[in-house]
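Coordinates as given in my_file35.cif (mmCIF, C-alpha atoms):
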data_start
#
loop_
_atom_site.label_atom_id
_atom_site.label_comp_id
_atom_site.auth_asym_id
_atom_site.auth_seq_id
_atom_site.Cartn_x
_atom_site.Cartn_y
_atom_site.Cartn_z
CA MET A 1 19.05 -13.94 5.81
CA SER A 2 22.10 -12.25 4.33
CA ARG A 3 24.18 -15.46 4.45
CA TRP A 4 21.38 -17.42 2.81
CA VAL A 5 20.93 -14.81 0.07
CA LYS A 6 24.67 -14.71 -0.66
CA GLU A 7 25.08 -18.48 -0.82
CA ALA A 8 21.97 -19.12 -2.90
CA THR A 9 22.67 -16.23 -5.26
CA SER A 10 26.29 -17.22 -5.85
CA ARG A 11 25.23 -20.78 -6.73
CA LEU A 12 22.29 -19.69 -8.79
CA LEU A 13 24.37 -17.30 -10.88
CA GLU A 14 27.61 -19.23 -11.11
CA ARG A 15 27.32 -19.33 -14.92
CA TYR A 16 26.51 -15.66 -15.28
CA ASP A 17 28.96 -13.91 -17.61
CA GLY A 18 26.92 -10.85 -18.56
CA THR A 19 27.22 -7.22 -17.53
CA PRO A 20 28.77 -7.09 -14.04
CA PHE A 21 26.71 -5.45 -11.32
CA GLU A 22 26.39 -5.28 -7.56
CA LEU A 23 23.52 -6.35 -5.33
CA ARG A 24 23.38 -4.33 -2.12
CA LEU A 25 21.38 -5.30 0.97
CA TRP A 26 19.82 -3.16 3.66
CA GLY A 27 22.46 -4.10 6.22
CA GLY A 28 25.34 -2.86 4.08
CA GLU A 29 26.44 -6.20 2.60
CA ARG A 30 27.27 -6.33 -1.09
CA LEU A 31 27.26 -9.17 -3.62
CA ARG A 32 29.33 -8.76 -6.80
CA LEU A 33 27.91 -10.52 -9.87
CA GLY A 34 29.89 -10.96 -13.07
CA ALA A 35 33.52 -10.19 -13.82
CA GLY A 36 34.89 -6.66 -13.80
CA ALA A 37 33.84 -3.35 -12.34
CA PRO A 38 30.08 -3.11 -11.71
CA ALA A 39 28.18 -1.28 -14.43
CA PHE A 40 25.26 -0.65 -12.06
CA ALA A 41 24.01 -1.55 -8.60
CA VAL A 42 20.62 -2.64 -7.24
CA THR A 43 19.99 -1.72 -3.61
CA PHE A 44 17.31 -3.37 -1.50
CA ARG A 45 16.83 -0.90 1.31
CA THR A 46 14.49 -3.10 3.32
CA ARG A 47 14.02 -6.79 3.97
CA ARG A 48 10.42 -6.35 2.80
CA ALA A 49 11.58 -5.13 -0.62
CA LEU A 50 13.74 -8.20 -1.21
CA CYS A 51 11.08 -10.61 0.00
CA GLU A 52 8.36 -9.04 -2.13
CA ALA A 53 10.57 -8.98 -5.21
CA ALA A 54 11.42 -12.66 -4.68
CA LEU A 55 7.86 -13.75 -3.97
CA ARG A 56 5.81 -11.41 -6.19
CA GLY A 57 8.08 -10.95 -9.22
CA THR A 58 8.03 -7.61 -10.98
CA LEU A 59 4.99 -6.54 -9.01
CA GLY A 60 7.07 -6.66 -5.84
CA LEU A 61 10.18 -5.20 -7.49
CA GLY A 62 8.32 -2.40 -9.28
CA GLU A 63 6.20 -1.42 -6.30
CA ALA A 64 9.29 -1.39 -4.09
CA TYR A 65 10.88 0.95 -6.65
CA VAL A 66 7.81 3.18 -6.53
CA ARG A 67 8.08 3.25 -2.71
CA ARG A 68 11.83 3.98 -3.04
CA GLU A 69 12.70 0.79 -1.15
CA VAL A 70 14.62 -0.39 -4.23
CA THR A 71 17.03 1.97 -5.93
CA PHE A 72 19.32 1.66 -8.93
CA ASP A 73 22.79 3.17 -9.03
CA GLY A 74 23.12 3.90 -12.73
CA ASP A 75 20.61 4.53 -15.51
CA LEU A 76 17.38 2.63 -14.86
CA GLU A 77 17.08 1.35 -18.43
CA ASP A 78 20.70 0.16 -18.49
CA SER A 79 20.23 -1.54 -15.13
CA LEU A 80 17.10 -3.36 -16.24
CA ALA A 81 18.81 -4.41 -19.47
CA GLY A 82 21.51 -5.95 -17.31
CA LEU A 83 18.86 -7.83 -15.35
CA PHE A 84 17.50 -9.20 -18.62
CA GLN A 85 20.93 -10.67 -19.31
CA LEU A 86 20.81 -12.18 -15.85
CA ALA A 87 17.42 -13.72 -16.62
CA ARG A 88 18.96 -15.70 -19.46
CA SER A 89 21.53 -17.12 -17.07
CA VAL A 90 18.82 -18.03 -14.57
CA ARG A 91 16.87 -19.89 -17.24
CA SER A 92 19.95 -21.91 -18.15
CA VAL A 93 20.32 -23.21 -14.59
CA ARG A 94 17.37 -25.44 -13.72
CA SER A 95 18.85 -28.35 -11.75
CA LEU A 96 19.70 -26.51 -8.56
CA ASP A 97 17.88 -28.76 -6.10
CA ALA A 98 20.11 -31.76 -6.87
CA ARG A 99 23.28 -29.66 -6.76
CA LEU A 100 22.42 -27.80 -3.55
CA PRO A 101 20.64 -30.25 -1.23
CA HIS A 102 21.93 -28.48 1.86
CA LEU A 103 19.85 -25.40 0.98
CA ALA A 104 16.56 -27.28 0.71
CA PRO A 105 13.75 -26.52 1.30
CA ALA A 106 14.47 -22.78 1.18
CA LEU A 107 16.27 -22.72 -2.17
CA PRO A 108 13.42 -23.90 -4.44
CA SER A 109 11.22 -21.01 -3.38
CA PHE A 110 14.11 -18.56 -3.70
CA GLU A 111 15.02 -19.85 -7.14
CA ARG A 112 11.43 -19.67 -8.29
CA GLY A 113 11.08 -16.20 -6.86
CA LEU A 114 14.27 -14.83 -8.42
CA SER A 115 13.45 -16.53 -11.68
CA GLY A 116 10.00 -14.95 -11.50
CA VAL A 117 11.47 -11.49 -10.89
CA LEU A 118 13.72 -11.77 -13.91
CA ASP A 119 11.67 -13.86 -16.31
CA ALA A 120 8.58 -11.77 -15.72
CA LEU A 121 10.40 -8.73 -17.08
CA ARG A 122 9.49 -10.09 -20.49
CA LEU A 123 6.33 -8.02 -20.00
CA GLY A 124 4.08 -10.89 -21.11
CA LEU A 125 0.79 -9.90 -19.52
CA LEU A 126 -2.40 -11.54 -18.28
CA SER A 127 -4.95 -12.40 -20.91
CA GLY A 128 -8.46 -11.04 -20.55
CA ALA A 129 -11.92 -12.17 -21.57
CA ALA A 130 -13.99 -10.12 -24.01
CA LYS A 131 -16.05 -8.57 -21.24
CA ARG A 132 -12.86 -7.18 -19.64
CA GLU A 133 -11.12 -5.93 -22.77
CA ARG A 134 -13.08 -2.69 -23.06
CA LEU A 135 -12.42 -1.70 -19.45
CA ALA A 136 -8.74 -2.63 -19.77
CA VAL A 137 -8.22 -0.55 -22.92
CA GLU A 138 -10.17 2.38 -21.50
CA ARG A 139 -8.12 2.22 -18.32
CA HIS A 140 -4.86 2.62 -20.23
CA TYR A 141 -5.74 4.91 -23.15
CA GLY A 142 -8.41 6.78 -21.24
CA LEU A 143 -5.94 8.45 -18.88
CA GLY A 144 -6.64 11.69 -20.68
CA ASN A 145 -5.75 13.39 -23.93
CA ASP A 146 -3.72 15.89 -21.95
CA PHE A 147 -1.31 13.13 -20.80
CA TYR A 148 -0.26 11.30 -23.95
CA PRO A 149 0.96 14.30 -26.01
CA LEU A 150 3.53 14.94 -23.27
CA TYR A 151 5.51 11.80 -24.04
CA LEU A 152 4.29 10.42 -27.39
CA ASP A 153 4.94 12.02 -30.79
CA ARG A 154 2.66 14.73 -32.11
CA ARG A 155 0.53 12.16 -33.96
CA LEU A 156 -0.03 10.23 -30.72
CA GLN A 157 1.21 6.94 -32.17
CA THR A 158 1.33 4.20 -29.52
CA SER A 159 3.10 1.62 -31.70
CA CYS A 160 6.79 1.88 -32.54
CA GLY A 161 8.24 4.32 -35.03
CA TYR A 162 10.33 3.38 -38.06
CA PHE A 163 13.81 4.88 -37.67
CA ARG A 164 16.02 5.49 -40.69
CA SER A 165 18.90 6.20 -38.28
CA PRO A 166 19.31 5.78 -34.50
CA GLY A 167 19.35 9.53 -33.93
CA GLU A 168 16.23 10.37 -35.92
CA ALA A 169 13.60 12.44 -34.11
CA LEU A 170 10.57 10.54 -32.85
CA ASP A 171 8.13 12.69 -34.85
CA ASP A 172 10.01 11.89 -38.06
CA ALA A 173 10.25 8.19 -37.24
CA GLN A 174 6.52 7.98 -36.58
CA ALA A 175 5.71 9.84 -39.81
CA HIS A 176 7.96 7.42 -41.66
CA LYS A 177 6.23 4.49 -39.92
CA ILE A 178 2.82 5.60 -41.20
CA SER A 179 4.27 5.94 -44.71
CA VAL A 180 5.85 2.47 -44.57
CA VAL A 181 2.61 0.86 -43.39
CA ALA A 182 0.64 2.54 -46.17
CA ARG A 183 3.12 1.32 -48.77
CA LYS A 184 3.16 -2.22 -47.40
CA LEU A 185 -0.62 -2.25 -47.69
CA ALA A 186 -0.27 -1.09 -51.34
CA LEU A 187 -3.12 1.37 -50.91
CA ARG A 188 -4.98 2.54 -54.03
CA ARG A 189 -7.65 5.17 -54.57
CA GLY A 190 -11.14 3.80 -54.04
CA GLN A 191 -10.16 1.04 -51.62
CA ARG A 192 -11.74 0.56 -48.21
CA LEU A 193 -9.42 0.29 -45.20
CA LEU A 194 -10.38 -1.13 -41.80
CA ASP A 195 -8.13 -0.18 -38.86
CA LEU A 196 -8.59 -2.47 -35.84
CA GLY A 197 -7.47 -0.62 -32.73
CA CYS A 198 -7.05 2.65 -34.60
CA GLY A 199 -5.64 4.74 -31.73
CA TRP A 200 -5.93 8.45 -32.47
CA GLY A 201 -6.46 7.78 -36.18
CA HIS A 202 -3.45 9.29 -37.94
CA LEU A 203 -2.81 6.26 -40.13
CA MET A 204 -6.38 6.61 -41.42
CA PHE A 205 -5.95 10.36 -41.95
CA HIS A 206 -2.82 9.66 -44.02
CA ALA A 207 -4.52 6.92 -46.04
CA ALA A 208 -7.51 9.13 -46.82
CA GLU A 209 -5.54 12.29 -47.62
CA THR A 210 -2.71 10.69 -49.58
CA TYR A 211 -4.35 7.75 -51.33
CA GLY A 212 -8.05 8.60 -51.44
CA VAL A 213 -8.94 5.57 -49.32
CA GLN A 214 -12.21 5.29 -47.39
CA CYS A 215 -11.45 4.36 -43.76
CA LEU A 216 -13.20 2.90 -40.75
CA GLY A 217 -11.48 2.73 -37.39
CA ILE A 218 -12.45 0.49 -34.49
CA THR A 219 -11.52 1.47 -30.93
CA LEU A 220 -12.69 0.69 -27.43
CA CYS A 221 -11.73 4.13 -26.11
CA GLU A 222 -14.19 7.02 -26.21
CA ASN A 223 -11.60 9.80 -25.98
CA GLN A 224 -9.81 8.46 -29.07
CA ALA A 225 -13.08 8.27 -31.02
CA ARG A 226 -14.01 11.86 -30.15
CA TYR A 227 -10.61 13.09 -31.32
CA ILE A 228 -10.87 11.19 -34.63
CA ARG A 229 -14.32 12.61 -35.33
CA GLU A 230 -13.10 16.15 -34.70
CA GLN A 231 -10.05 15.74 -36.94
CA ALA A 232 -11.97 13.98 -39.74
CA ALA A 233 -14.55 16.76 -39.77
CA ALA A 234 -11.90 19.50 -39.72
CA ARG A 235 -10.06 17.92 -42.67
CA ARG A 236 -13.24 16.82 -44.52
CA LEU A 237 -12.00 13.24 -44.78
CA PRO A 238 -13.89 9.97 -45.46
CA VAL A 239 -12.89 8.61 -42.06
CA GLU A 240 -15.36 7.02 -39.67
CA VAL A 241 -14.77 5.60 -36.19
CA ARG A 242 -16.85 3.28 -34.03
CA VAL A 243 -16.46 2.37 -30.39
CA MET A 244 -16.81 -1.40 -30.51
CA GLY A 245 -14.88 -4.67 -30.60
CA CYS A 246 -13.91 -6.28 -33.88
CA GLU A 247 -16.22 -9.24 -33.13
CA ASP A 248 -19.18 -6.84 -33.20
CA LEU A 249 -18.41 -5.53 -36.68
CA ASP A 250 -20.50 -6.85 -39.56
CA GLY A 251 -18.38 -8.74 -42.08
CA ASP A 252 -20.48 -7.73 -45.10
CA PRO A 253 -19.20 -6.02 -47.15
CA ARG A 254 -15.63 -7.17 -46.63
CA TRP A 255 -12.61 -4.90 -46.67
CA ASP A 256 -9.92 -4.44 -49.33
CA ARG A 257 -7.30 -3.62 -46.74
CA LEU A 258 -7.07 -4.27 -43.00
CA VAL A 259 -4.48 -3.08 -40.51
CA SER A 260 -3.86 -3.71 -36.83
CA LEU A 261 -0.92 -2.05 -35.11
CA GLY A 262 -0.73 -3.88 -31.77
CA SER A 263 -4.38 -4.49 -31.03
CA MET A 264 -4.12 -8.29 -31.09
CA CYS A 265 -2.14 -8.09 -27.83
CA HIS A 266 -5.28 -6.75 -26.16
CA ALA A 267 -7.22 -9.83 -27.24
CA GLY A 268 -5.17 -11.95 -24.88
CA ALA A 269 -4.23 -15.61 -25.00
CA ARG A 270 -7.83 -16.76 -24.69
CA ARG A 271 -9.21 -14.62 -27.50
CA ILE A 272 -6.38 -14.41 -30.02
CA GLU A 273 -7.97 -17.21 -32.07
CA VAL A 274 -11.16 -15.13 -32.25
CA PHE A 275 -9.07 -12.17 -33.40
CA TYR A 276 -7.62 -14.16 -36.32
CA ASP A 277 -11.06 -15.55 -37.17
CA ARG A 278 -12.35 -12.00 -37.47
CA VAL A 279 -9.40 -10.93 -39.64
CA LYS A 280 -10.20 -13.77 -42.03
CA ALA A 281 -13.92 -12.98 -42.01
CA LEU A 282 -13.49 -9.24 -42.55
CA LEU A 283 -10.82 -9.35 -45.29
CA ALA A 284 -12.05 -9.55 -48.89
CA GLU A 285 -10.87 -12.28 -51.23
CA GLY A 286 -7.56 -11.08 -52.61
CA GLY A 287 -7.38 -8.45 -49.87
CA VAL A 288 -4.24 -7.58 -47.91
CA CYS A 289 -3.78 -6.98 -44.20
CA LEU A 290 -0.87 -5.86 -42.05
CA LEU A 291 -0.67 -7.13 -38.49
CA GLU A 292 1.89 -5.68 -36.10
CA SER A 293 2.47 -7.04 -32.63
CA VAL A 294 4.86 -7.06 -29.74
CA THR A 295 6.20 -10.61 -29.61
CA ARG A 296 8.15 -12.95 -27.36
CA GLU A 297 10.25 -16.01 -28.09
CA GLN A 298 7.74 -18.57 -26.85
CA GLU A 299 4.08 -18.24 -25.97
CA SER A 300 3.25 -18.85 -22.34
CA PRO A 301 0.48 -18.06 -19.87
CA ARG A 302 3.15 -16.37 -17.71
CA THR A 303 2.17 -12.82 -16.99
CA ASP A 304 3.98 -9.72 -15.83
CA PRO A 305 2.27 -8.80 -12.57
CA PHE A 306 3.51 -5.20 -12.40
CA VAL A 307 2.38 -4.19 -15.89
CA GLN A 308 -0.80 -6.23 -15.52
CA LYS A 309 -1.80 -4.36 -12.37
CA HIS A 310 -0.57 -0.86 -13.13
CA ILE A 311 -0.22 -0.34 -16.90
CA PHE A 312 -1.82 -2.77 -19.37
CA PRO A 313 -4.46 -5.11 -17.92
CA GLY A 314 -5.18 -8.00 -20.23
CA TYR A 315 -2.15 -7.52 -22.51
CA TRP A 316 -0.59 -10.69 -24.00
CA PRO A 317 2.12 -10.76 -26.72
CA PRO A 318 2.15 -13.80 -29.04
CA SER A 319 5.21 -15.37 -30.64
CA VAL A 320 6.27 -14.93 -34.26
CA GLN A 321 5.67 -18.64 -34.81
CA GLY A 322 2.20 -18.31 -33.31
CA MET A 323 1.32 -15.38 -35.56
CA ALA A 324 2.38 -17.25 -38.71
CA ALA A 325 0.71 -20.51 -37.66
CA ARG A 326 -2.62 -18.83 -36.92
CA ALA A 327 -2.54 -17.07 -40.28
CA ALA A 328 -1.72 -20.30 -42.14
CA ALA A 329 -4.49 -22.20 -40.32
CA ARG A 330 -7.00 -19.76 -41.84
CA GLY A 331 -5.61 -19.79 -45.33
CA LEU A 332 -3.91 -16.41 -45.05
CA ASP A 333 -0.61 -16.23 -46.97
CA VAL A 334 2.41 -14.45 -45.48
CA LEU A 335 3.65 -11.95 -48.06
CA ASP A 336 6.19 -10.15 -45.92
CA ALA A 337 7.49 -10.11 -42.34
CA GLU A 338 9.84 -7.64 -40.70
CA ASN A 339 11.36 -7.55 -37.23
CA LEU A 340 10.94 -4.10 -35.66
CA ARG A 341 12.57 -4.91 -32.31
CA ARG A 342 15.32 -2.29 -32.64
CA HIS A 343 12.80 0.31 -33.76
CA SER A 344 10.71 -0.54 -30.69
CA ALA A 345 13.72 -0.11 -28.41
CA LEU A 346 14.47 3.31 -29.89
CA THR A 347 10.82 4.33 -29.64
CA ALA A 348 10.51 3.31 -25.98
CA ARG A 349 13.72 5.18 -25.23
CA CYS A 350 12.31 8.33 -26.86
CA TRP A 351 9.06 7.95 -24.92
CA ARG A 352 10.99 7.63 -21.66
CA ARG A 353 13.15 10.66 -22.48
CA ASN A 354 10.07 12.74 -23.30
CA PHE A 355 8.39 11.53 -20.13
CA LEU A 356 11.35 12.49 -17.94
CA ASP A 357 11.82 15.84 -19.71
CA ASN A 358 8.13 16.67 -19.17
CA ARG A 359 7.77 15.13 -15.72
CA GLU A 360 6.99 18.37 -13.92
CA LYS A 361 4.60 19.46 -16.68
CA ILE A 362 2.80 16.11 -16.57
CA GLU A 363 2.37 16.42 -12.82
CA ARG A 364 1.13 20.00 -13.10
CA ILE A 365 -1.31 19.49 -15.99
CA THR A 366 -2.71 16.07 -15.10
CA GLY A 367 -2.51 16.15 -11.31
CA PHE A 368 -1.00 12.64 -11.29
CA ASP A 369 1.00 12.08 -8.11
CA GLY A 370 4.60 10.99 -7.60
CA ALA A 371 3.69 7.32 -7.27
CA PHE A 372 2.00 7.37 -10.69
CA LEU A 373 5.02 9.06 -12.26
CA ARG A 374 7.49 6.55 -10.77
CA THR A 375 5.22 3.70 -11.91
CA TRP A 376 5.32 4.91 -15.51
CA GLU A 377 9.03 5.64 -15.33
CA PHE A 378 9.65 2.02 -14.29
CA TYR A 379 7.35 0.73 -17.03
CA LEU A 380 8.96 2.76 -19.83
CA ALA A 381 12.47 1.80 -18.73
CA CYS A 382 11.39 -1.87 -18.62
CA ALA A 383 9.97 -1.66 -22.13
CA ALA A 384 13.09 -0.07 -23.58
CA ALA A 385 15.33 -2.60 -21.84
CA ALA A 386 13.19 -5.56 -22.90
CA PHE A 387 13.30 -4.62 -26.58
CA ARG A 388 16.94 -3.66 -26.40
CA SER A 389 17.98 -7.00 -24.89
CA GLY A 390 15.77 -9.14 -27.12
CA HIS A 391 13.45 -10.33 -24.36
CA LEU A 392 10.66 -8.74 -26.39
CA GLY A 393 10.39 -8.39 -30.13
CA ALA A 394 8.05 -6.60 -32.52
CA VAL A 395 6.94 -7.97 -35.88
CA GLN A 396 5.07 -6.57 -38.86
CA MET A 397 3.46 -9.34 -40.92
CA VAL A 398 1.70 -8.68 -44.23
CA LEU A 399 -0.91 -11.30 -45.15
CA SER A 400 -3.21 -11.87 -48.11
CA ASN A 401 -6.53 -13.65 -48.26
CA GLY A 402 -5.78 -15.73 -51.34
CA ALA A 403 -3.93 -14.35 -54.35
CA PRO A 404 -3.45 -10.61 -53.70
CA ARG A 405 -4.81 -8.10 -56.18
CA ASP A 406 -2.53 -5.30 -57.40
CA TYR A 407 0.28 -6.06 -54.97
CA PRO A 408 3.95 -5.34 -55.85
CA LEU A 409 5.95 -8.36 -56.96
CA ALA A 410 9.20 -7.09 -55.40
CA ARG A 411 9.87 -5.46 -52.05
CA GLU A 412 11.79 -2.42 -53.34
CA PRO A 413 8.73 -0.33 -54.25
CA LEU A 414 7.54 -0.50 -50.64
CA TYR A 415 10.46 1.71 -49.63
CA ALA A 416 11.72 3.44 -52.78
CA ALA A 417 8.57 4.62 -54.50
CA GLU A 418 7.32 8.15 -54.04
CA GLU A 419 3.97 8.46 -52.34
CA PRO A 420 1.21 10.37 -54.13
CA SER A 421 1.45 14.12 -53.79
CA LEU A 422 -0.32 15.33 -50.68
CA ARG A 423 -3.28 17.56 -51.29
CA ASP A 424 -3.89 20.65 -49.18
CA ARG A 425 -4.98 19.63 -45.73
CA ALA A 426 -5.57 20.96 -42.25
CA PRO A 427 -2.55 20.89 -39.93
CA ILE A 428 -2.19 18.15 -37.36
CA VAL A 429 -3.75 19.34 -34.12
CA PRO A 430 -2.47 17.61 -30.97
CA ALA A 431 -5.26 16.09 -28.90
CA VAL A 432 -4.30 18.21 -25.92
CA GLN A 433 -5.69 21.27 -27.75
CA PHE A 434 -9.20 19.82 -27.78
CA SER A 435 -10.80 21.00 -24.59
CA ALA A 436 -14.54 20.63 -25.09
CA TRP A 437 -14.59 18.25 -28.10
CA GLY A 438 -17.10 20.49 -29.78
CA ALA A 439 -14.45 22.70 -31.33
CA ALA A 440 -10.73 23.09 -31.35
CA ALA A 441 -9.31 25.18 -28.58
CA PRO A 442 -7.76 28.44 -29.76
CA SER A 443 -4.06 28.20 -30.55
#
If you took the structure in this file and wrote it as structure tokens, what would it be?
Amino acid sequence: MSRWVKEATSRLLERYDGTPFELRLWGGERLRLGAGAPAFAVTFRTRRALCEAALRGTLGLGEAYVRREVTFDGDLEDSLAGLFQLARSVRSVRSLDARLPHLAPALPSFERGLSGVLDALRLGLLSGAAKRERLAVERHYGLGNDFYPLYLDRRLQTSCGYFRSPGEALDDAQAHKISVVARKLALRRGQRLLDLGCGWGHLMFHAAETYGVQCLGITLCENQARYIREQAAARRLPVEVRVMGCEDLDGDPRWDRLVSLGSMCHAGARRIEVFYDRVKALLAEGGVCLLESVTREQESPRTDPFVQKHIFPGYWPPSVQGMAARAAARGLDVLDAENLRRHSALTARCWRRNFLDNREKIERITGFDGAFLRTWEFYLACAAAAFRSGHLGAVQMVLSNGAPRDYPLAREPLYAAEEPSLRDRAPIVPAVQFSAWGAAAPS
């Protein structure tokens, strides 16, 4: 087994010139990959761990990590970023069968398995039908409002922040993100804003408080809806929330502004066309929408088995080309597009740091066990590494339904203009402080 692994791996990775690292096997043997001193090491402590990683992709690798049968010598995020570099080398070598006939028939399955381990780290996830979307979203975001404040920012934003500098605090980056989105939408008093996949509602709170906009949020998660209702009532804001899918929302009257920060990924490959149909149907003539999504270079039915099973069932990132093409096919004009990949990498890194800093508190408050914590640690490190290495991207695309009304001609006002003065408002109350949902818990 060791001889076969060494020979196949050396041939498979003969073009690899990325970050050097070491592969260590359970029997003590070591394989050096790349030139120079190893930046990290991956240790397979059991034969089972290697076989499952090769045959089951990230599901096998991640679950072996959770069981401590795979360990990383070095920072987990840095190690996974190195594996992303390796994945690019693997994809560039596709003619191995002809070059290595003496390893057939074992090599094809090994090559497919290793390629699956590395390629699947793109985090492209299994699409889901409409009847599964609600359960999938509830499974992820319904883990409890006492969990998310311990690693997200205080506004509980689950999309990336907008960093003015790499060292900016996550809370500040997320506040800036909300401000940037509002400006890109060119919000005006008296408009109606629809937020598809509204999360915990803080973009709507900002739009209502700062611009005098009437807001409706759509979510599939009951705990998010309860939080939004409590906050809207406490602040006396024109913000409503409904627990439903966008296909169930009546398109009359249509909306002046529409925003979706990541929710199209939950529609999946099979239902993304329906998502764009609904955007077109719900947006008023001359209206503007902002769609933000995690993206990948090329669309594919390939799924990440680890994240599909343990983190985000039904999640499927489109490509930038796919986003633009679907908009154009429905007569939606692209006004602006911005790549937020680096912002996503910084955000995921902050989430992971918060998660690790609060690990003991998370375990104590939520009762989640060690396996759950190692599962999320692996997921957050994967996300940061994927954005950092370019295996995943993130794009904000501003679209108009025909000629936009009252939209800035130049881009500068989106960033330079002062927002309207904030009126007096209630302070932001983290969701963790809501114990009974009938009233805020005492501070």
Determine, for each residue of segment 324-425 of chain A having at least one atom at most 7 Å from an atom of segment 154-163 of chain A, the closest pair of atoms and their separation in Å to one decimal, counting only C-alpha atoms; order by chain and ascending number, as a tab-separated table.
residue	atom	partner	partner_atom	distance
A:His343	CA	A:Tyr162	CA	5.8
A:Ser344	CA	A:Cys160	CA	5.0
A:Thr347	CA	A:Cys160	CA	5.5
*Hey, can you check how far atom CA of Ala41 of chain A sits from atom CA of Ala81 of chain A?*
12.4 Å
_Residue IDs satisfying the PyMOL selection byres ((chain A and resi 197) around 10), as number ranges by chain_ = A: 137, 194-196, 198-201, 217-221, 243-246, 259-264, 266
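What separates atom CA of Lys177 of chain A from atom CA of Val213 of chain A is a distance of 17.9 Å.
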_Neighbouring residues of Gly74 of chain A were defined as those with any atom within 9 Å, considering all atoms listed in the file; residues of the same chain fewer than 2 positions away were excluded. Please report them as a ChimeraX atom specification._
/A:39-42,72,76-79
*Run the PyMOL selection byres ((chain A and resi 258) around 9) mentally over the shown coordinates, then write out the matched residues as a list in words, using the chain letters and numbers from the document.*
Leu185, Arg192, Leu193, Leu194, Asp195, Leu196, Trp255, Asp256, Arg257, Val259, Ser260, Val279, Leu282, Leu283, Gly287, Val288, Cys289, Leu290 and Leu291 of chain A
*Given the file shown, enumerate the residues that the PyMOL selection byres ((chain A and resi 298) around 12) captures and present them as a ChimeraX atom specification.*
/A:122,124,295-297,299-302,316-323,391-393
